[in-house]
file my_file_28.cif (mmCIF, C-alpha atoms and all ligand atoms)
data_my_file
loop_
_atom_site.label_atom_id
_atom_site.label_comp_id
_atom_site.auth_asym_id
_atom_site.auth_seq_id
_atom_site.Cartn_x
_atom_site.Cartn_y
_atom_site.Cartn_z
CA MET A 907 0.00 0.00 0.00
CA LYS A 908 1.33 3.45 -0.79
CA ARG A 909 0.04 6.97 -0.86
CA LEU A 910 0.12 9.31 -3.89
CA TYR A 911 0.04 13.00 -3.03
CA GLY A 912 -0.74 16.20 -4.85
CA VAL A 913 -3.25 14.64 -7.19
CA THR A 914 -5.39 17.51 -8.43
CA ALA A 915 -7.87 20.27 -7.83
CA LEU A 916 -11.16 19.27 -9.38
CA ASP A 917 -12.58 22.78 -9.78
CA GLY A 918 -11.88 23.05 -13.49
CA LEU A 919 -13.12 19.57 -14.24
CA MET A 920 -16.77 20.07 -13.43
CA ARG A 921 -17.65 21.21 -16.92
CA ARG A 922 -16.04 18.12 -18.40
CA GLY A 923 -18.22 16.15 -16.01
CA GLU A 924 -21.29 17.42 -17.80
CA GLU A 925 -19.97 15.97 -21.06
CA LEU A 926 -19.29 12.69 -19.32
CA THR A 927 -22.88 12.35 -18.16
CA ASP A 928 -23.91 11.85 -21.81
CA ASN A 929 -22.15 8.52 -21.65
CA VAL A 930 -23.62 7.36 -18.38
CA ARG A 931 -24.79 3.76 -18.57
CA ALA A 932 -28.51 3.23 -19.15
CA GLY A 933 -29.15 1.82 -15.67
CA ILE A 934 -28.32 5.09 -13.97
CA ASP A 935 -30.19 7.42 -16.31
CA GLU A 936 -32.29 8.77 -13.46
CA LEU A 937 -29.16 10.17 -11.86
CA ARG A 938 -28.09 12.04 -14.99
CA ASP A 939 -28.85 15.45 -13.53
CA MET A 940 -27.20 14.88 -10.21
CA HIS A 941 -24.37 17.34 -9.79
CA GLU A 942 -22.43 15.00 -7.51
CA LEU A 943 -22.52 12.20 -10.07
CA SER A 944 -20.65 14.40 -12.56
CA ILE A 945 -18.06 15.13 -9.92
CA ALA A 946 -17.83 11.47 -8.92
CA MET A 947 -17.22 10.47 -12.53
CA ASN A 948 -14.45 13.05 -12.82
CA LEU A 949 -13.01 11.81 -9.59
CA VAL A 950 -12.92 8.23 -10.88
CA GLU A 951 -11.33 9.32 -14.15
CA VAL A 952 -8.67 11.49 -12.52
CA ALA A 953 -7.86 8.98 -9.77
CA GLU A 954 -7.73 6.03 -12.15
CA SER A 955 -5.35 7.85 -14.46
CA ALA A 956 -3.09 8.97 -11.57
CA ALA A 957 -3.06 5.45 -10.11
CA ARG A 958 -2.23 3.78 -13.42
CA LYS A 959 0.54 6.29 -14.06
CA ALA A 960 2.02 5.24 -10.72
CA GLY A 961 1.79 1.58 -11.72
CA ALA A 962 -1.02 0.76 -9.29
CA THR A 963 -3.76 -1.73 -10.08
CA LYS A 964 -6.10 -0.90 -7.22
CA VAL A 965 -7.15 2.27 -5.39
CA THR A 966 -8.21 1.68 -1.78
CA ALA A 967 -8.88 5.24 -0.55
CA LEU A 968 -9.30 8.76 -1.89
CA TYR A 969 -8.64 11.82 0.26
CA LEU A 970 -10.71 14.89 -0.56
CA ARG A 971 -10.98 18.43 0.75
CA ILE A 972 -14.38 19.98 0.25
CA GLY A 973 -15.18 23.57 1.18
CA ALA A 974 -18.51 24.54 2.78
CA LEU A 975 -19.30 26.70 -0.28
CA SER A 976 -18.24 24.18 -2.92
CA ALA A 977 -21.88 23.18 -3.51
CA VAL A 978 -21.01 19.51 -2.99
CA VAL A 979 -23.02 17.42 -0.54
CA PRO A 980 -20.61 14.83 0.93
CA ASP A 981 -23.25 12.09 1.38
CA ALA A 982 -24.49 12.55 -2.18
CA LEU A 983 -20.91 12.39 -3.40
CA ARG A 984 -20.28 9.15 -1.49
CA PHE A 985 -23.40 7.61 -2.99
CA SER A 986 -22.52 8.76 -6.52
CA PHE A 987 -18.94 7.62 -6.11
CA GLU A 988 -20.01 4.04 -5.39
CA ILE A 989 -21.92 4.00 -8.67
CA ALA A 990 -19.19 5.70 -10.68
CA ALA A 991 -16.43 3.49 -9.24
CA ASP A 992 -18.26 0.22 -9.93
CA GLY A 993 -16.27 -1.97 -12.30
CA THR A 994 -13.14 0.23 -12.15
CA ILE A 995 -9.90 -0.12 -10.18
CA LEU A 996 -11.55 2.20 -7.64
CA ALA A 997 -14.41 -0.16 -6.83
CA GLY A 998 -14.83 -0.45 -3.06
CA ALA A 999 -12.40 2.40 -2.30
CA SER A 1000 -13.29 4.62 0.64
CA LEU A 1001 -13.79 8.37 0.31
CA GLU A 1002 -12.08 10.24 3.13
CA ILE A 1003 -13.65 13.69 3.04
CA GLU A 1004 -12.27 16.63 4.99
CA GLU A 1005 -14.96 19.30 5.17
CA LEU A 1006 -13.50 22.80 5.31
CA PRO A 1007 -15.35 25.70 6.97
CA VAL A 1008 -15.53 29.07 5.26
CA ARG A 1009 -12.58 31.15 6.46
CA VAL A 1010 -12.44 34.91 6.06
CA PHE A 1011 -9.79 37.54 6.59
CA CYS A 1012 -10.97 40.48 8.68
CA GLU A 1013 -9.06 43.70 8.01
CA HIS A 1014 -10.21 45.23 11.30
CA CYS A 1015 -8.88 42.32 13.38
CA ALA A 1016 -6.03 41.69 10.90
CA ALA A 1017 -6.76 38.00 11.37
CA GLU A 1018 -8.39 35.03 9.70
CA ALA A 1019 -11.44 33.41 11.26
CA ASP A 1020 -13.80 30.53 10.46
CA LEU A 1021 -17.44 31.46 9.92
CA PRO A 1022 -19.90 29.61 12.16
CA ASN A 1023 -22.53 30.11 9.43
CA PRO A 1024 -21.20 30.02 5.85
CA GLN A 1025 -24.08 32.24 4.66
CA ILE A 1026 -23.25 35.18 6.95
CA PHE A 1027 -20.09 36.97 5.95
CA ARG A 1028 -19.28 38.75 9.20
CA CYS A 1029 -16.13 38.47 11.23
CA PRO A 1030 -17.05 36.23 14.19
CA THR A 1031 -14.77 38.27 16.46
CA CYS A 1032 -15.80 41.89 15.75
CA GLN A 1033 -19.06 41.26 13.81
CA ARG A 1034 -17.98 43.60 10.97
CA PRO A 1035 -18.94 42.52 7.44
CA THR A 1036 -16.17 41.00 5.37
CA GLY A 1037 -16.13 39.63 1.85
CA HIS A 1038 -12.55 38.48 1.89
CA MET A 1039 -12.82 34.69 1.75
CA VAL A 1040 -9.58 32.74 2.06
CA GLN A 1041 -11.06 29.23 2.19
CA GLY A 1042 -14.39 27.58 1.45
CA ARG A 1043 -14.72 26.74 -2.24
CA GLU A 1044 -12.20 23.88 -2.32
CA LEU A 1045 -12.91 20.74 -4.24
CA GLU A 1046 -9.63 18.86 -4.22
CA LEU A 1047 -8.42 15.32 -4.48
CA THR A 1048 -5.31 15.59 -2.34
CA SER A 1049 -4.08 12.01 -2.26
CA LEU A 1050 -4.82 8.39 -3.11
CA GLU A 1051 -4.06 5.16 -1.33
CA VAL A 1052 -3.13 2.56 -3.90
CA ALA A 1053 -2.08 -1.07 -3.92
ZN ZN A 1101 -12.92 41.26 12.85
#

call {"tool": "encode", "arguments": {"input": "my_file_28.cif", "output": "structure tokens", "more": "lines below"}}
Ligand SMILES: [Zn+2]
result
Amino acid sequence: MKRLYGVTALDGLMRRGEELTDNVRAGIDELRDMHELSIAMNLVEVAESAARKAGATKVTALYLRIGALSAVVPDALRFSFEIAADGTILAGASLEIEELPVRVFCEHCAAEADLPNPQIFRCPTCQRPTGHMVQGRELELTSLEVA
């Protein structure tokens, strides 16, 4: 078992995911419009290619970082991933998801802080409004465990 790091950010791949859904197998037609399925299919494609490049024949775990404002629902992604991974070298792999809170930089406090509510952009320390987000939109595959 070994770990591959620095795999990819998936942000730019979501549009390609929409193309991929045209080729979704007939049995999962009803899921065609699910946003997370597109992402899961990209994930499988990217991870499979990275694993094969490293000479691996099986992926046992994927490590993801998902921001609170990434518009990805972790449970829906897990469900979609099982479907997308079926029959690939990723079948049965676990998704290890690190959920990241929205973090802002407050100029008044000259500090970064995590928002307790990702919809309310106010510094939790001084309550002043801030639009300076430093974390929260991540959608990254950071590493893979392969065999
Ligand atoms: Zn502040």

call {"tool": "residues_around", "arguments": {"input": "my_file_28.cif", "residues": "A:Thr1036", "least_positions_apart": "4", "cutoff": "9 Å", "atoms": "only C-alpha atoms", "output": "list in words"}}
result
Val1010, Phe1011, Cys1012, Glu1013, Phe1027, Arg1028 and Cys1029 of chain A

call {"tool": "atom_distance", "arguments": {"input": "my_file_28.cif", "atom1": "atom CA of A:Leu968", "atom2": "atom CA of A:Leu1006"}}
result
16.3 Å

call {"tool": "atom_distance", "arguments": {"input": "my_file_28.cif", "atom1": "atom CA of A:Gln1033", "atom2": "atom CA of A:Ala1017"}}
result
13.0 Å

call {"tool": "atom_distance", "arguments": {"input": "my_file_28.cif", "atom1": "atom CA of A:Pro1024", "atom2": "atom CA of A:Glu942"}}
result
20.1 Å

call {"tool": "closest_residue", "arguments": {"input": "my_file_28.cif", "among": "A:Gln1041, A:Ser976, A:Ser1049, A:Thr1031", "to": "ligand ZN 1101 (chain A)", "atoms": "only C-alpha atoms and all ligand atoms"}}
result
A:Thr1031

call {"tool": "residues_near_point", "arguments": {"input": "my_file_28.cif", "point": "(-12.1, 8.5, -11.9)", "cutoff": "12 Å", "atoms": "all atoms listed in the file", "output": "PyMOL selection string"}}
result
chain A and resi 913-914+916+919+923+926+943-958+965+968+986-997+999+1047+1050

call {"tool": "residues_near_point", "arguments": {"input": "my_file_28.cif", "point": "(-18.3, 23.0, 3.7)", "cutoff": "7 Å", "atoms": "all atoms listed in the file", "output": "compact mmCIF listing (two decimals) with C-alpha atoms, in the coordinates of the input"}}
result
# COMPACT_ATOMS: atom_id res chain seq x y z
CA ILE A 972 -14.38 19.98 0.25
CA GLY A 973 -15.18 23.57 1.18
CA ALA A 974 -18.51 24.54 2.78
CA LEU A 975 -19.30 26.70 -0.28
CA SER A 976 -18.24 24.18 -2.92
CA GLU A 1005 -14.96 19.30 5.17
CA LEU A 1006 -13.50 22.80 5.31
CA PRO A 1007 -15.35 25.70 6.97
CA VAL A 1008 -15.53 29.07 5.26
CA GLY A 1042 -14.39 27.58 1.45

call {"tool": "closest_residue", "arguments": {"input": "my_file_28.cif", "among": "A:Lys959, A:Lys964, A:His1038, A:Arg971", "to": "ligand ZN 1101 (chain A)", "atoms": "only C-alpha atoms and all ligand atoms"}}
result
A:His1038

call {"tool": "closest_residue", "arguments": {"input": "my_file_28.cif", "among": "A:Ile1003, A:Val1052, A:Cys1032, A:Leu1021", "to": "ligand ZN 1101 (chain A)", "atoms": "only C-alpha atoms and all ligand atoms"}}
result
A:Cys1032

call {"tool": "closest_residue", "arguments": {"input": "my_file_28.cif", "among": "A:Lys908, A:His1014, A:Arg984, A:Arg1009", "to": "A:Thr963", "atoms": "all atoms listed in the file"}}
result
A:Lys908
